[in-house]
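K.L.:
Input structure17.csv, format and content: CSV, C-alpha atoms and all ligand atoms.
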```
chain,number,residue,atom,x,y,z
A,1,MET,CA,-4.0,-4.0,-23.4
A,2,GLU,CA,-6.2,-0.9,-23.3
A,3,ASN,CA,-9.3,-2.8,-22.6
A,4,GLN,CA,-7.9,-4.7,-19.6
A,5,PRO,CA,-9.3,-3.3,-16.3
A,6,ASP,CA,-6.7,-1.9,-14.0
A,7,ILE,CA,-6.9,-4.3,-11.0
A,8,THR,CA,-5.3,-1.7,-8.7
A,9,GLN,CA,-7.9,0.9,-9.6
A,10,ALA,CA,-10.7,-1.6,-9.0
A,11,ASN,CA,-9.5,-2.3,-5.5
A,12,VAL,CA,-8.9,1.2,-4.2
A,13,ASP,CA,-12.3,1.4,-2.6
A,14,LYS,CA,-11.8,-1.9,-0.7
A,15,LEU,CA,-10.6,-1.7,2.9
A,16,ILE,CA,-8.7,-4.6,4.5
A,17,THR,CA,-7.9,-4.8,8.2
A,18,VAL,CA,-4.8,-6.8,8.9
A,19,TYR,CA,-4.4,-7.9,12.6
A,20,GLY,CA,-0.8,-8.8,13.4
A,21,GLY,CA,0.4,-7.0,10.3
A,22,SER,CA,3.6,-5.8,11.9
A,23,GLY,CA,5.1,-9.4,12.0
A,24,PHE,CA,7.1,-11.5,9.6
A,25,LEU,CA,4.1,-12.7,7.5
A,26,GLY,CA,2.4,-9.3,7.9
A,27,ARG,CA,4.9,-7.3,5.9
A,28,HIS,CA,4.7,-9.8,2.9
A,29,VAL,CA,0.9,-10.0,3.0
A,30,ILE,CA,0.7,-6.2,3.2
A,31,ARG,CA,3.1,-5.8,0.3
A,32,ALA,CA,1.1,-8.2,-1.9
A,33,LEU,CA,-2.2,-6.5,-1.0
A,34,CYS,CA,-0.8,-3.0,-1.7
A,35,LYS,CA,0.4,-4.2,-5.1
A,36,ARG,CA,-3.2,-5.1,-5.8
A,37,GLY,CA,-4.3,-1.6,-4.8
A,38,TYR,CA,-6.2,-2.3,-1.6
A,39,ARG,CA,-6.4,0.1,1.2
A,40,ILE,CA,-4.9,-1.4,4.3
A,41,ARG,CA,-5.7,-0.8,8.0
A,42,VAL,CA,-3.0,-2.5,10.1
A,43,ALA,CA,-4.3,-3.3,13.5
A,44,VAL,CA,-1.4,-3.6,15.9
A,45,ARG,CA,-0.7,-3.3,19.6
A,46,ARG,CA,1.8,-0.4,19.1
A,47,PRO,CA,1.0,1.5,15.9
A,48,GLU,CA,4.0,3.8,16.5
A,49,LEU,CA,6.2,0.8,15.9
A,50,ALA,CA,4.6,-0.1,12.5
A,51,GLY,CA,6.3,2.6,10.6
A,52,HIS,CA,8.4,0.0,8.7
A,53,LEU,CA,5.2,-0.9,6.8
A,54,GLN,CA,4.7,2.5,5.2
A,55,PRO,CA,7.2,2.0,2.3
A,56,LEU,CA,5.2,-1.1,1.2
A,57,GLY,CA,2.4,1.0,-0.2
A,58,ARG,CA,1.7,4.4,-1.7
A,59,VAL,CA,1.3,7.5,0.4
A,60,GLY,CA,-1.8,7.1,2.5
A,61,GLN,CA,-2.5,3.5,1.4
A,62,ILE,CA,-1.5,2.0,4.8
A,63,HIS,CA,-2.9,3.3,8.0
A,64,ALA,CA,-2.0,1.8,11.4
A,65,VAL,CA,-4.5,1.7,14.3
A,66,GLN,CA,-4.3,0.2,17.8
A,67,ALA,CA,-5.9,-3.2,18.6
A,68,ASN,CA,-5.1,-6.0,21.0
A,69,LEU,CA,-6.7,-9.3,20.4
A,70,ARG,CA,-7.2,-9.7,24.1
A,71,TYR,CA,-9.5,-6.7,24.1
A,72,PRO,CA,-12.6,-7.5,21.9
A,73,ARG,CA,-13.7,-3.8,21.7
A,74,SER,CA,-10.4,-2.7,20.2
A,75,VAL,CA,-10.7,-5.6,17.7
A,76,GLU,CA,-14.2,-4.6,16.8
A,77,ALA,CA,-13.3,-1.0,16.3
A,78,ALA,CA,-10.5,-1.9,13.9
A,79,ALA,CA,-12.8,-4.0,11.8
A,80,ARG,CA,-15.4,-1.2,11.3
A,81,GLY,CA,-16.1,-0.6,7.6
A,82,ALA,CA,-13.7,-3.3,6.4
A,83,ASP,CA,-14.5,-5.4,3.4
A,84,VAL,CA,-12.1,-8.1,4.5
A,85,VAL,CA,-10.3,-8.9,7.8
A,86,ILE,CA,-7.1,-10.9,8.0
A,87,ASN,CA,-5.9,-12.4,11.3
A,88,LEU,CA,-2.1,-13.0,11.4
A,89,VAL,CA,-1.8,-12.8,15.1
A,90,GLY,CA,0.2,-15.6,16.8
A,91,ILE,CA,2.7,-16.2,19.6
A,92,LEU,CA,5.4,-18.8,20.0
A,93,PHE,CA,5.6,-18.7,23.8
A,94,GLU,CA,3.5,-17.4,26.7
A,95,ARG,CA,4.4,-14.3,28.7
A,96,GLY,CA,2.3,-12.4,31.2
A,97,ARG,CA,-1.2,-12.0,29.9
A,98,GLN,CA,-0.1,-13.3,26.4
A,99,ARG,CA,-1.5,-16.8,26.9
A,100,PHE,CA,-2.0,-19.2,23.9
A,101,ASP,CA,-5.7,-19.5,24.5
A,102,ALA,CA,-6.3,-15.7,25.1
A,103,VAL,CA,-4.5,-14.8,21.9
A,104,GLN,CA,-4.8,-17.7,19.4
A,105,ALA,CA,-8.2,-19.1,20.5
A,106,PHE,CA,-10.4,-16.4,22.0
A,107,GLY,CA,-8.5,-13.6,20.2
A,108,ALA,CA,-9.1,-15.2,16.9
A,109,GLU,CA,-12.8,-15.6,17.8
A,110,SER,CA,-13.0,-11.9,18.5
A,111,VAL,CA,-11.7,-11.2,15.0
A,112,ALA,CA,-14.3,-13.5,13.5
A,113,LEU,CA,-17.1,-12.0,15.6
A,114,ALA,CA,-16.1,-8.5,14.4
A,115,ALA,CA,-15.9,-9.8,10.8
A,116,SER,CA,-19.4,-11.2,11.2
A,117,ALA,CA,-20.7,-7.9,12.7
A,118,TYR,CA,-19.5,-5.9,9.7
A,119,GLY,CA,-20.2,-8.6,7.1
A,120,ALA,CA,-16.5,-8.7,6.2
A,121,ARG,CA,-14.8,-11.7,4.5
A,122,MET,CA,-12.3,-13.3,6.9
A,123,VAL,CA,-8.9,-15.0,6.3
A,124,HIS,CA,-7.5,-16.7,9.4
A,125,MET,CA,-3.8,-17.8,9.7
A,126,SER,CA,-3.5,-21.0,11.6
A,127,ALA,CA,-0.8,-23.6,11.4
A,128,ILE,CA,-0.3,-27.2,10.3
A,129,GLY,CA,-0.9,-29.4,13.3
A,130,ALA,CA,-3.7,-27.2,14.7
A,131,ASP,CA,-5.8,-29.6,16.7
A,132,GLU,CA,-8.0,-29.0,19.7
A,133,ASN,CA,-6.9,-32.3,21.2
A,134,ALA,CA,-3.2,-31.7,20.8
A,135,ILE,CA,-0.9,-32.0,23.8
A,136,SER,CA,1.0,-28.9,22.8
A,137,SER,CA,-0.7,-25.7,24.0
A,138,TYR,CA,0.3,-23.9,20.8
A,139,ALA,CA,-1.3,-26.5,18.5
A,140,ARG,CA,-4.3,-26.9,20.8
A,141,SER,CA,-5.1,-23.2,20.9
A,142,LYS,CA,-4.7,-23.0,17.1
A,143,GLY,CA,-7.2,-25.9,16.8
A,144,ILE,CA,-9.7,-24.2,19.2
A,145,GLY,CA,-9.1,-20.9,17.4
A,146,GLU,CA,-10.0,-22.5,14.0
A,147,LYS,CA,-13.2,-24.0,15.5
A,148,LEU,CA,-14.3,-20.7,17.1
A,149,VAL,CA,-13.5,-18.7,14.0
A,150,LEU,CA,-15.6,-21.1,11.8
A,151,ALA,CA,-18.4,-21.0,14.3
A,152,ALA,CA,-18.6,-17.2,14.3
A,153,ARG,CA,-17.8,-16.8,10.5
A,154,PRO,CA,-18.6,-20.1,8.7
A,155,ALA,CA,-17.4,-18.7,5.3
A,156,ALA,CA,-14.0,-17.8,6.6
A,157,THR,CA,-10.9,-19.3,4.9
A,158,VAL,CA,-8.3,-20.9,7.2
A,159,LEU,CA,-4.7,-21.1,6.1
A,160,ARG,CA,-2.3,-23.5,7.8
A,161,PRO,CA,1.3,-23.1,6.7
A,162,SER,CA,4.1,-25.5,7.6
A,163,VAL,CA,7.2,-23.6,8.8
A,164,VAL,CA,7.6,-20.4,6.7
A,165,PHE,CA,10.9,-19.2,5.3
A,166,GLY,CA,11.9,-15.8,4.0
A,167,PRO,CA,14.3,-13.0,4.6
A,168,GLU,CA,13.1,-12.2,8.1
A,169,ASP,CA,12.1,-15.7,9.2
A,170,ASP,CA,12.8,-17.0,12.7
A,171,PHE,CA,13.7,-20.5,11.5
A,172,LEU,CA,16.6,-20.7,9.1
A,173,ASN,CA,18.0,-17.4,10.3
A,174,ARG,CA,17.9,-18.6,13.9
A,175,PHE,CA,19.9,-21.8,13.2
A,176,ALA,CA,22.3,-19.9,10.9
A,177,SER,CA,22.9,-17.4,13.7
A,178,LEU,CA,23.4,-20.2,16.2
A,179,ALA,CA,26.0,-21.9,13.9
A,180,ARG,CA,28.1,-18.7,14.0
A,181,PHE,CA,29.3,-19.3,17.6
A,182,ALA,CA,28.0,-22.7,18.8
A,183,PRO,CA,30.4,-25.6,18.3
A,184,ALA,CA,27.5,-28.0,17.8
A,185,LEU,CA,23.8,-27.8,16.8
A,186,PRO,CA,21.2,-29.8,18.6
A,187,LEU,CA,18.9,-32.3,16.8
A,188,VAL,CA,15.9,-32.5,19.1
A,189,GLY,CA,14.6,-36.1,19.0
A,190,GLY,CA,17.3,-37.1,16.6
A,191,GLY,CA,16.2,-34.5,14.0
A,192,HIS,CA,13.7,-36.9,12.4
A,193,THR,CA,10.7,-34.5,12.5
A,194,ARG,CA,9.6,-33.8,8.9
A,195,PHE,CA,8.8,-30.2,7.7
A,196,GLN,CA,7.6,-28.8,4.4
A,197,PRO,CA,9.1,-25.3,4.4
A,198,VAL,CA,6.9,-22.8,2.5
A,199,TYR,CA,8.1,-19.5,1.1
A,200,VAL,CA,6.5,-16.4,2.7
A,201,GLY,CA,5.7,-14.9,-0.7
A,202,ASP,CA,3.7,-18.0,-1.5
A,203,VAL,CA,1.8,-17.8,1.8
A,204,ALA,CA,1.1,-14.1,0.9
A,205,ALA,CA,-0.2,-15.2,-2.5
A,206,ALA,CA,-2.6,-17.6,-0.8
A,207,VAL,CA,-3.9,-14.8,1.4
A,208,VAL,CA,-4.5,-12.7,-1.7
A,209,ALA,CA,-6.4,-15.7,-3.3
A,210,ALA,CA,-8.6,-16.0,-0.1
A,211,VAL,CA,-9.2,-12.2,-0.1
A,212,GLU,CA,-10.3,-12.3,-3.7
A,213,GLY,CA,-12.7,-15.3,-3.1
A,214,ARG,CA,-10.7,-17.9,-4.9
A,215,THR,CA,-10.7,-20.3,-1.9
A,216,LYS,CA,-13.5,-22.6,-0.8
A,217,ALA,CA,-15.5,-20.9,1.9
A,218,GLY,CA,-15.2,-22.6,5.3
A,219,SER,CA,-12.1,-24.7,4.2
A,220,ALA,CA,-8.7,-25.1,5.8
A,221,TYR,CA,-5.9,-24.9,3.3
A,222,GLU,CA,-2.5,-26.6,4.1
A,223,LEU,CA,0.4,-24.7,2.7
A,224,GLY,CA,3.7,-26.5,2.1
A,225,GLY,CA,6.7,-26.0,-0.1
A,226,PRO,CA,7.8,-28.3,-2.9
A,227,GLU,CA,10.0,-30.5,-0.7
A,228,VAL,CA,9.7,-32.4,2.6
A,229,ARG,CA,12.9,-32.3,4.7
A,230,THR,CA,13.7,-33.6,8.2
A,231,PHE,CA,15.0,-31.3,10.8
A,232,LYS,CA,18.4,-32.8,10.4
A,233,GLU,CA,18.4,-32.2,6.6
A,234,LEU,CA,17.4,-28.6,7.2
A,235,MET,CA,20.3,-28.1,9.6
A,236,GLN,CA,22.7,-29.6,7.1
A,237,TYR,CA,21.3,-27.3,4.4
A,238,VAL,CA,21.8,-24.2,6.6
A,239,LEU,CA,25.4,-25.3,7.3
A,240,ALA,CA,26.1,-25.9,3.6
A,241,VAL,CA,24.7,-22.5,2.6
A,242,THR,CA,26.5,-20.6,5.4
A,243,GLU,CA,29.7,-22.6,4.7
A,244,ARG,CA,30.1,-23.7,8.3
A,245,LYS,CA,31.2,-27.1,9.6
A,246,ARG,CA,29.4,-27.9,12.9
A,247,LEU,CA,28.8,-31.1,14.8
A,248,LEU,CA,25.1,-32.2,14.8
A,249,VAL,CA,24.3,-33.7,18.2
A,250,SER,CA,21.3,-35.8,18.7
A,251,LEU,CA,19.3,-34.7,21.7
A,252,PRO,CA,16.7,-37.2,23.0
A,253,PHE,CA,13.3,-35.6,23.6
A,254,ALA,CA,13.6,-36.2,27.4
A,255,VAL,CA,16.9,-34.3,27.5
A,256,ALA,CA,15.5,-31.5,25.2
A,257,GLU,CA,12.5,-31.2,27.5
A,258,LEU,CA,14.8,-30.7,30.5
A,259,GLN,CA,16.9,-28.1,28.7
A,260,ALA,CA,13.8,-26.3,27.5
A,261,TRP,CA,12.3,-26.2,31.0
A,262,PHE,CA,15.2,-23.9,32.0
A,263,LEU,CA,15.4,-22.0,28.7
A,264,GLN,CA,11.7,-21.1,28.8
A,265,PHE,CA,12.5,-18.5,31.5
A,266,LEU,CA,14.7,-16.4,29.1
A,267,PRO,CA,13.1,-13.2,27.8
A,268,LYS,CA,13.0,-14.7,24.3
A,269,PRO,CA,13.4,-18.4,24.8
A,270,PRO,CA,15.1,-20.3,22.0
A,271,LEU,CA,13.2,-23.5,23.0
A,272,THR,CA,10.3,-24.2,25.3
A,273,PRO,CA,8.8,-27.5,26.6
A,274,ASP,CA,5.8,-26.8,24.4
A,275,GLN,CA,8.0,-26.5,21.3
A,276,VAL,CA,9.7,-29.8,22.1
A,277,GLU,CA,6.2,-31.3,22.2
A,278,LEU,CA,5.5,-29.8,18.8
A,279,LEU,CA,8.6,-31.4,17.4
A,280,LYS,CA,7.2,-34.8,18.1
A,281,THR,CA,4.8,-34.5,15.2
A,282,ASP,CA,5.6,-34.1,11.5
A,283,ASN,CA,4.7,-30.7,10.0
A,284,VAL,CA,3.7,-31.6,6.5
A,285,VAL,CA,0.7,-31.2,4.2
A,286,SER,CA,-1.8,-34.0,4.8
A,287,ASP,CA,-3.0,-36.5,2.2
A,288,ALA,CA,-6.6,-35.3,2.9
A,289,ALA,CA,-5.7,-31.7,2.1
A,290,ARG,CA,-4.1,-32.8,-1.2
A,291,ARG,CA,-7.0,-35.1,-2.1
A,292,GLU,CA,-9.5,-32.4,-1.4
A,293,GLY,CA,-7.7,-29.6,-3.2
A,294,ARG,CA,-6.9,-27.6,-0.1
A,295,THR,CA,-3.3,-26.8,-1.1
A,296,LEU,CA,-1.2,-24.1,-2.7
A,297,GLU,CA,-1.2,-26.0,-6.0
A,298,ALA,CA,-5.0,-26.1,-5.9
A,299,LEU,CA,-4.9,-22.3,-5.8
A,300,GLY,CA,-2.7,-22.2,-8.8
A,301,ILE,CA,0.4,-21.1,-6.8
A,302,ALA,CA,3.6,-22.9,-7.8
A,303,ALA,CA,5.5,-23.4,-4.5
A,304,THR,CA,8.9,-21.8,-4.5
A,305,ALA,CA,12.0,-23.9,-3.7
A,306,MET,CA,14.1,-23.0,-0.6
A,307,GLU,CA,17.2,-23.1,-2.8
A,308,ALA,CA,15.9,-20.2,-4.9
A,309,ILE,CA,15.4,-17.9,-1.9
A,310,ALA,CA,17.3,-18.9,1.3
A,311,PRO,CA,20.8,-18.3,-0.1
A,312,THR,CA,19.8,-14.7,-0.9
A,313,TYR,CA,19.5,-13.9,2.8
A,314,LEU,CA,21.6,-16.6,4.5
A,315,TRP,CA,24.8,-15.4,2.9
A,316,ARG,CA,25.3,-12.8,5.7
A,317,PHE,CA,26.0,-15.7,8.1
A,318,ARG,CA,29.0,-16.8,6.0
A,319,LYS,CA,32.5,-15.9,7.2
A,320,SER,CA,33.1,-14.2,3.9
A,321,GLY,CA,29.7,-12.7,3.6
A,322,GLN,CA,28.6,-12.3,0.0
A,323,PHE,CA,32.2,-12.7,-1.4
A,324,LYS,CA,33.6,-16.0,-2.7
A,325,VAL,CA,36.7,-17.4,-1.0
A,326,LYS,CA,39.4,-18.3,-3.6
A,327,ASN,CA,42.7,-19.8,-2.4
A,328,GLY,CA,41.9,-18.6,1.1
A,329,VAL,CA,41.4,-15.0,0.0
A,330,THR,CA,38.1,-13.2,-0.2
A,401,LIG,N1,6.3,-18.0,10.8
A,401,LIG,C1,6.0,-19.3,10.6
A,401,LIG,O1,6.9,-20.2,10.3
A,401,LIG,C2,4.6,-19.7,10.8
A,401,LIG,C3,4.3,-21.1,10.6
A,401,LIG,C4,2.9,-21.5,10.8
A,401,LIG,C5,2.0,-20.6,11.2
A,401,LIG,N2,2.3,-19.3,11.4
A,401,LIG,C6,1.3,-18.4,11.9
A,401,LIG,O2,1.3,-17.2,11.1
A,401,LIG,C7,0.9,-16.1,11.8
A,401,LIG,C8,2.0,-15.0,11.6
A,401,LIG,O3,3.2,-15.5,12.0
A,401,LIG,P1,4.5,-14.6,12.0
A,401,LIG,O4,5.7,-15.5,11.8
A,401,LIG,O5,4.3,-13.4,11.1
A,401,LIG,O6,4.6,-14.1,13.5
A,401,LIG,P2,5.2,-12.8,14.2
A,401,LIG,O7,6.3,-12.2,13.3
A,401,LIG,O8,5.5,-13.1,15.6
A,401,LIG,O9,4.0,-11.8,14.1
A,401,LIG,C9,2.9,-12.0,15.0
A,401,LIG,C10,2.1,-10.7,15.1
A,401,LIG,O10,1.1,-10.8,16.1
A,401,LIG,C11,1.0,-9.6,16.9
A,401,LIG,N3,0.5,-9.9,18.2
A,401,LIG,C12,0.9,-10.7,19.2
A,401,LIG,N4,0.1,-10.7,20.2
A,401,LIG,C13,-0.9,-9.8,19.9
A,401,LIG,C14,-2.1,-9.4,20.6
A,401,LIG,N5,-2.4,-9.8,21.8
A,401,LIG,N6,-2.9,-8.5,19.9
A,401,LIG,C15,-2.6,-8.0,18.7
A,401,LIG,N7,-1.5,-8.4,18.0
A,401,LIG,C16,-0.7,-9.3,18.6
A,401,LIG,C17,2.5,-9.2,16.9
A,401,LIG,O11,2.5,-7.8,17.2
A,401,LIG,P3,3.3,-7.2,18.4
A,401,LIG,O12,4.5,-6.5,17.8
A,401,LIG,O13,2.4,-6.3,19.1
A,401,LIG,O14,3.8,-8.3,19.3
A,401,LIG,C18,2.9,-9.5,15.4
A,401,LIG,O15,2.5,-8.4,14.6
A,401,LIG,C19,0.8,-16.5,13.3
A,401,LIG,O16,-0.6,-16.8,13.6
A,401,LIG,C20,1.6,-17.8,13.3
A,401,LIG,O17,1.1,-18.7,14.3
A,401,LIG,C21,3.6,-18.8,11.3
```
Mind converting the file's structure to structure tokens?
Ligand SMILES: NC(=O)c1ccc[n+]([C@@H]2O[C@H](COP(=O)([O-])OP(=O)(O)OC[C@H]3O[C@@H](n4cnc5c(N)ncnc54)[C@H](OP(=O)(O)O)[C@@H]3O)[C@@H](O)[C@H]2O)c1
P.N.:
Amino acid sequence: MENQPDITQANVDKLITVYGGSGFLGRHVIRALCKRGYRIRVAVRRPELAGHLQPLGRVGQIHAVQANLRYPRSVEAAARGADVVINLVGILFERGRQRFDAVQAFGAESVALAASAYGARMVHMSAIGADENAISSYARSKGIGEKLVLAARPAATVLRPSVVFGPEDDFLNRFASLARFAPALPLVGGGHTRFQPVYVGDVAAAVVAAVEGRTKAGSAYELGGPEVRTFKELMQYVLAVTERKRLLVSLPFAVAELQAWFLQFLPKPPLTPDQVELLKTDNVVSDAARREGRTLEALGIAATAMEAIAPTYLWRFRKSGQFKVKNGVT
């Protein structure tokens, strides 16, 4: 044991800038990197709101700075002196100047240009379905973003997860929360869309692999969990774990589009027409990615099952919370 180099000591001199580090994936990525000893510069729009990240590292290991991907100079300043830059910035709906292209396409390019200027390695978080010819603006901007990133930093690693689950996810939590008060849950397009939910800890492990040069330069890895499930099966799973009985109502795409048109004006819309468009395409790891070794398994990461994790945070949506009900008594 004595002869083994201490990996955390070896990494203390390496600085990693994480854009979008204050989000869901961000906290898990930062925790994984801190455990490996790296120094982290979190580049966020409001550094004063990134205090929740501090306990993930040692005193002084994480430092927050201001950067907005729509302002290339702030992006460049945040990359100064970094050995690696990681872009986790993304949005699910457009608001004001937060447009898909500005953030996910040209914003991503700014990060790649900054990485290139400082000779830093780059890891870019995209999404399965990223396609510059997609009808959905989210998927199209992700596709253009990937292209611009690889043009500016050809050795970058692109990671494309399917839907990501974990304690703070906006997917299983959202439906479990809805099931608390809604008498029925909607199955957009009949609920046939297929997903391959991937654990946030596994996505963070893939980021670490890319940071440490264990991915193929210039490649796009597709990250999926061990199982493919339809939207309907996922809803049934959430209802089973949260011990709720709810009607599952099939909602044809046209009806969902109409509903989403109205919902999109809410401050945090539960559904937008663009998201309905996304639901028309399966969200699973492609055969090409498997064949070419661009998967979690190829990185030596054993994908974690949803059953092993989701009940550990969905229990709070049960009527009885963490307690078992026996003969009608908790
Ligand atoms: N979660 C999933 O299921 C999933 C699946 C596939 C792909 N992805 C991708 O993974 C990445 C991270 O997702 P997530 O779930 O962690 O999202 P998230 O929780 O919404 O975090 C997104 C981050 O982006 C930041 N951000 C937004 N606009 C910005 C801007 N103009 N400049 C700088 N920062 C900005 C947010 O900070 P503010 O607090 O300033 O808004 C936040 O830190 C995204 O690219 C997403 O598309 C996620």
K.L.:
Which protein, DNA or RNA residues have an atom within 9 Å of ligand LIG 401 (chain A), counting all atoms listed in the file, as a ChimeraX atom specification?
P.N.:
/A:19-28,43-47,49-50,66-71,75,87-92,97-99,102-104,107,124-128,138,142,159-165,168-171,197-198,200
K.L.:
Would you mind telling me which residue in A:Glu76, A:Gly129, A:Ile144, A:Leu271 lies nearest to Ala117 (chain A) when using only C-alpha atoms?
P.N.:
A:Glu76
K.L.:
Quick check, in Å to one decimal: how far apart do CA of Ile86 (chain A) and CA of Ala155 (chain A) lie?
P.N.:
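Separation between CA of Ile86 (chain A) and CA of Ala155 (chain A): 13.2 Å.
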K.L.:
Kindly give the distance, in Å, that separates CA of Phe106 (chain A) and CA of Asp274 (chain A), rounded to a single decimal.
P.N.:
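According to the coordinates, CA of Phe106 (chain A) and CA of Asp274 (chain A) are separated by 19.4 Å.
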K.L.:
Suppose you want the space between CA of Val59 (chain A) and CA of Ile309 (chain A); what is it in Å?
P.N.:
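Spanning CA of Val59 (chain A) to CA of Ile309 (chain A) is a straight-line distance of 29.1 Å.
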K.L.:
Residues at most 10 Å from Thr295 (chain A), counting all atoms listed in the file, excluding those fewer than 2 positions away in the same chain, as a list in words?
P.N.:
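Using all atoms listed in the file, the neighbours found are Leu159, Arg160, Pro161, Ala206, Thr215, Ala220, Tyr221, Glu222, Leu223, Gly224, Val285, Ser286, Ala288, Ala289, Arg290, Arg291, Glu292, Gly293, Glu297, Ala298, Leu299, Gly300 and Ile301 of chain A.
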K.L.:
A:Ala64, A:Val42, A:Ala77, A:Val84: which is nearest Val208 (chain A), counting all atoms listed in the file?
P.N.:
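Checking each candidate against Val208 (chain A), we get A:Val84 as the closest.
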K.L.:
In file coordinates, which residues lie within 9 Å of (18.7, -32.2, 9.8) using only C-alpha atoms, given as a PDB file with C-alpha atoms, in the frame of the given file?
P.N.:
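Output saved as out.pdb:
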```
ATOM      1  CA  LEU A 187      18.900 -32.300  16.800  1.00  0.00           C
ATOM      2  CA  GLY A 190      17.300 -37.100  16.600  1.00  0.00           C
ATOM      3  CA  GLY A 191      16.200 -34.500  14.000  1.00  0.00           C
ATOM      4  CA  HIS A 192      13.700 -36.900  12.400  1.00  0.00           C
ATOM      5  CA  THR A 193      10.700 -34.500  12.500  1.00  0.00           C
ATOM      6  CA  ARG A 229      12.900 -32.300   4.700  1.00  0.00           C
ATOM      7  CA  THR A 230      13.700 -33.600   8.200  1.00  0.00           C
ATOM      8  CA  PHE A 231      15.000 -31.300  10.800  1.00  0.00           C
ATOM      9  CA  LYS A 232      18.400 -32.800  10.400  1.00  0.00           C
ATOM     10  CA  GLU A 233      18.400 -32.200   6.600  1.00  0.00           C
ATOM     11  CA  LEU A 234      17.400 -28.600   7.200  1.00  0.00           C
ATOM     12  CA  MET A 235      20.300 -28.100   9.600  1.00  0.00           C
ATOM     13  CA  GLN A 236      22.700 -29.600   7.100  1.00  0.00           C
ATOM     14  CA  TYR A 237      21.300 -27.300   4.400  1.00  0.00           C
ATOM     15  CA  LEU A 248      25.100 -32.200  14.800  1.00  0.00           C
TER      16      LEU A 248
END
```
K.L.:
Ranking A:Val238, A:Val158, A:Met122, A:Leu266 by minimum distance to Leu178 (chain A) and counting all atoms listed in the file, which one comes first?
P.N.:
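Once distances to Leu178 (chain A) are computed over all atoms listed in the file, the minimum belongs to A:Val238.
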K.L.:
Looking at all atoms listed in the file, which of A:Gln259, A:Gln54, A:Gln196, A:Gln275 is the one that sits closest to Thr304 (chain A)?
P.N.:
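Using all atoms listed in the file, Thr304 (chain A) sits closest to A:Gln196.
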